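Visitor: Have a look at this one before I ask anything.
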Amino acid sequence: MKCGECGGTMRYAQVTLDERFGGVRFVIEGIPALVCDRCGTREVSAPLLEAFEETAAQLEREVAKLKFSERPLELAGRVSEG
Ligand SMILES: [Zn+2]
């Protein structure tokens, strides 16, 4: 498969998506994508990208709720490590 930007070769690789939504940063590793070996253009499957954006938007809404809450820790749950 050829790169639409520069005509280089697209290869499968795992990439990290790093996006900001409303001041909240989302980093997701291990996303399969096609990456151009010449210019670095990345292509992620549309359903995956949609799922990422949907999830990020949902999290952003929850974060916004807590920002406006006076006592956000009343809603606290545990975040597991690793
Ligand atoms: Zn390219």
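Here, A, B, ... name the chains of the structure tokens in the order displayed, residue numbers run from 1 inside each chain, and ligands are numbered from 1 in the same displayed order.
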Throw together the list of residues within 6 Å of ligand 1, counting only C-alpha atoms and all ligand atoms, and drop it here as a list in words.
Guide: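 Checking only C-alpha atoms and all ligand atoms against ligand 1 at 6 Å gives Cys3, Glu5, Cys6, Gly7, Gly8, Cys36, Arg38, Cys39, Gly40 and Thr41 of chain A.
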Visitor: Keeping only C-alpha atoms, write the selected residues to a file as a compact mmCIF listing (two decimals), in the first residue's frame.
Guide:
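To be explicit, this is the file written out as out.txt:
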# COMPACT_ATOMS: atom_id res chain seq x y z
CA CYS A 3 1.17 6.63 1.13
CA GLU A 5 0.90 12.04 0.92
CA CYS A 6 4.29 11.17 -0.54
CA GLY A 7 3.98 7.82 -2.35
CA GLY A 8 6.17 6.05 0.21
CA CYS A 36 4.52 5.62 6.00
CA ARG A 38 9.08 8.02 4.38
CA CYS A 39 6.96 10.86 5.80
CA GLY A 40 5.49 9.19 8.90
CA THR A 41 1.83 9.62 7.93
Visitor: I'd like to know which residues of chain A are strand (DSSP E or B) (by DSSP, run on the backbone); could you write them as a list of chain:residue names?
Guide: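 Strand (DSSP E or B) members of chain A, listed: A:Lys2, A:Thr9, A:Met10, A:Arg11, A:Tyr12, A:Ala13, A:Gln14, A:Val15, A:Thr16, A:Leu17, A:Asp18, A:Glu19, A:Arg20, A:Phe21, A:Val24, A:Arg25, A:Phe26, A:Val27, A:Ile28, A:Glu29, A:Gly30, A:Ile31, A:Pro32, A:Ala33, A:Leu34, A:Val35, A:Cys36, A:Arg42, A:Glu43.
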Visitor: Just want the 12 Å neighbourhood of stretch 25-27 of chain A, counted on only C-alpha atoms, with same-chain residues fewer than 3 positions away dropped. Output as a PDB file with N, CA and C atoms, in the first residue's frame.
Guide:
ATOM      1  N   VAL A  15       1.014   2.050  17.034  1.00  0.00           N
ATOM      2  CA  VAL A  15       1.269   3.459  17.311  1.00  0.00           C
ATOM      3  C   VAL A  15       0.605   3.870  18.624  1.00  0.00           C
ATOM      4  N   THR A  16       0.970   5.051  19.070  1.00  0.00           N
ATOM      5  CA  THR A  16       0.368   5.638  20.265  1.00  0.00           C
ATOM      6  C   THR A  16      -0.476   6.823  19.836  1.00  0.00           C
ATOM      7  N   LEU A  17      -1.739   6.811  20.215  1.00  0.00           N
ATOM      8  CA  LEU A  17      -2.596   7.963  19.947  1.00  0.00           C
ATOM      9  C   LEU A  17      -2.501   8.898  21.144  1.00  0.00           C
ATOM     10  N   ASP A  18      -2.258  10.146  20.883  1.00  0.00           N
ATOM     11  CA  ASP A  18      -2.052  11.142  21.931  1.00  0.00           C
ATOM     12  C   ASP A  18      -2.835  12.386  21.530  1.00  0.00           C
ATOM     13  N   GLU A  19      -4.022  12.536  22.116  1.00  0.00           N
ATOM     14  CA  GLU A  19      -4.903  13.630  21.707  1.00  0.00           C
ATOM     15  C   GLU A  19      -5.409  14.388  22.923  1.00  0.00           C
ATOM     16  N   ARG A  20      -5.796  15.629  22.671  1.00  0.00           N
ATOM     17  CA  ARG A  20      -6.414  16.434  23.721  1.00  0.00           C
ATOM     18  C   ARG A  20      -7.864  16.705  23.368  1.00  0.00           C
ATOM     19  N   PHE A  21      -8.734  16.490  24.349  1.00  0.00           N
ATOM     20  CA  PHE A  21     -10.134  16.855  24.185  1.00  0.00           C
ATOM     21  C   PHE A  21     -10.492  17.737  25.368  1.00  0.00           C
ATOM     22  N   GLY A  22     -10.839  19.001  25.092  1.00  0.00           N
ATOM     23  CA  GLY A  22     -11.271  19.906  26.158  1.00  0.00           C
ATOM     24  C   GLY A  22     -10.297  19.985  27.318  1.00  0.00           C
ATOM     25  N   GLY A  30      -0.433   0.983  21.566  1.00  0.00           N
ATOM     26  CA  GLY A  30      -0.690  -0.340  20.991  1.00  0.00           C
ATOM     27  C   GLY A  30      -1.790  -0.356  19.955  1.00  0.00           C
ATOM     28  N   ILE A  31      -2.035   0.778  19.305  1.00  0.00           N
ATOM     29  CA  ILE A  31      -3.059   0.846  18.268  1.00  0.00           C
ATOM     30  C   ILE A  31      -2.445   0.405  16.931  1.00  0.00           C
ATOM     31  N   PHE A  52     -12.159   5.565  19.677  1.00  0.00           N
ATOM     32  CA  PHE A  52     -11.264   6.381  20.482  1.00  0.00           C
ATOM     33  C   PHE A  52     -11.892   7.735  20.778  1.00  0.00           C
ATOM     34  N   GLU A  53     -12.427   8.365  19.744  1.00  0.00           N
ATOM     35  CA  GLU A  53     -12.996   9.704  19.926  1.00  0.00           C
ATOM     36  C   GLU A  53     -14.244   9.680  20.793  1.00  0.00           C
ATOM     37  N   GLU A  54     -15.055   8.619  20.609  1.00  0.00           N
ATOM     38  CA  GLU A  54     -16.263   8.464  21.415  1.00  0.00           C
ATOM     39  C   GLU A  54     -15.899   8.310  22.887  1.00  0.00           C
ATOM     40  N   THR A  55     -14.939   7.415  23.146  1.00  0.00           N
ATOM     41  CA  THR A  55     -14.498   7.156  24.512  1.00  0.00           C
ATOM     42  C   THR A  55     -13.912   8.411  25.129  1.00  0.00           C
ATOM     43  N   ALA A  56     -13.087   9.119  24.360  1.00  0.00           N
ATOM     44  CA  ALA A  56     -12.457  10.334  24.859  1.00  0.00           C
ATOM     45  C   ALA A  56     -13.510  11.394  25.165  1.00  0.00           C
ATOM     46  N   ALA A  57     -14.509  11.522  24.288  1.00  0.00           N
ATOM     47  CA  ALA A  57     -15.556  12.519  24.492  1.00  0.00           C
ATOM     48  C   ALA A  57     -16.360  12.207  25.751  1.00  0.00           C
ATOM     49  N   GLN A  58     -16.622  10.902  25.961  1.00  0.00           N
ATOM     50  CA  GLN A  58     -17.372  10.468  27.137  1.00  0.00           C
ATOM     51  C   GLN A  58     -16.580  10.774  28.420  1.00  0.00           C
ATOM     52  N   LEU A  59     -15.292  10.449  28.406  1.00  0.00           N
ATOM     53  CA  LEU A  59     -14.440  10.734  29.553  1.00  0.00           C
ATOM     54  C   LEU A  59     -14.346  12.230  29.799  1.00  0.00           C
ATOM     55  N   GLU A  60     -14.251  12.996  28.718  1.00  0.00           N
ATOM     56  CA  GLU A  60     -14.146  14.438  28.850  1.00  0.00           C
ATOM     57  C   GLU A  60     -15.378  15.000  29.549  1.00  0.00           C
ATOM     58  N   VAL A  63     -15.095  14.223  33.231  1.00  0.00           N
ATOM     59  CA  VAL A  63     -14.094  15.095  33.854  1.00  0.00           C
ATOM     60  C   VAL A  63     -14.685  16.489  34.061  1.00  0.00           C
TER      61      VAL A  63
END
Visitor: Among stretch 7-51 of chain A, which ones does DSSP assign to alpha helix (DSSP H) (computed from the backbone)? Answer as an MDAnalysis selection string.
Guide: chainID A and resid 46:51
Visitor: Using N, CA and C atoms, can you write the selected residues to a file as a compact mmCIF listing (two decimals), in the first residue's frame?
Guide:
# COMPACT_ATOMS: atom_id res chain seq x y z
N ALA A 46 -10.96 3.50 10.52
CA ALA A 46 -12.00 4.46 10.89
C ALA A 46 -12.80 4.03 12.13
N PRO A 47 -13.22 2.75 12.24
CA PRO A 47 -13.98 2.34 13.44
C PRO A 47 -13.16 2.49 14.72
N LEU A 48 -11.86 2.19 14.65
CA LEU A 48 -10.99 2.36 15.82
C LEU A 48 -10.91 3.82 16.23
N LEU A 49 -10.74 4.68 15.23
CA LEU A 49 -10.61 6.10 15.50
C LEU A 49 -11.91 6.65 16.11
N GLU A 50 -13.04 6.16 15.56
CA GLU A 50 -14.34 6.59 16.09
C GLU A 50 -14.51 6.16 17.53
N ALA A 51 -14.11 4.91 17.82
CA ALA A 51 -14.23 4.39 19.18
C ALA A 51 -13.37 5.22 20.13
Visitor: If we count only C-alpha atoms and set the cut-off at 7 Å, which residues sit around A:Glu43, ignoring sequence neighbours fewer than 2 positions away in its own chain? Please answer as a list in words.
Guide: Ala33, Leu34, Val35, Thr41 and Ser45 of chain A
Visitor: Pull C-alpha atoms from the residues just selected and write them as a short mmCIF file (atom, residue, chain, number, x, y, z; two decimals), in the first residue's frame.
Guide:
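This went into again_7.cif:
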data_model
loop_
_atom_site.label_atom_id
_atom_site.label_comp_id
_atom_site.auth_asym_id
_atom_site.auth_seq_id
_atom_site.Cartn_x
_atom_site.Cartn_y
_atom_site.Cartn_z
CA ALA A 33 -1.97 1.37 12.12
CA LEU A 34 -0.35 1.80 8.74
CA VAL A 35 2.67 4.09 8.96
CA THR A 41 1.83 9.62 7.93
CA SER A 45 -8.91 2.23 10.84
#
Visitor: Go through A:Arg61, A:Ile28, A:Ser69, A:Gly4 and flag the residue nearest A:Arg42, using only C-alpha atoms for the distances.
Guide: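 Of the candidates, the smallest distance to A:Arg42 is held by A:Gly4.
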Visitor: For the atom pair atom CA of A:Lys67 and atom CA of A:Glu81, what is the interatomic distance in Å to one decimal place?
Guide: 23.1 Å
Visitor: Mind giving me the straight-line distance from atom CA of A:Ala13 to atom CA of A:Val79 in Å, one decimal?
Guide: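 Computing it gives 28.9 Å between the two atoms.
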Visitor: Could you jot down the atom CA of A:Val24 to atom CA of A:Arg78 separation for me, Å, one decimal place?
Guide: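 Calculated distance between atom CA of A:Val24 and atom CA of A:Arg78 is 19.1 Å.
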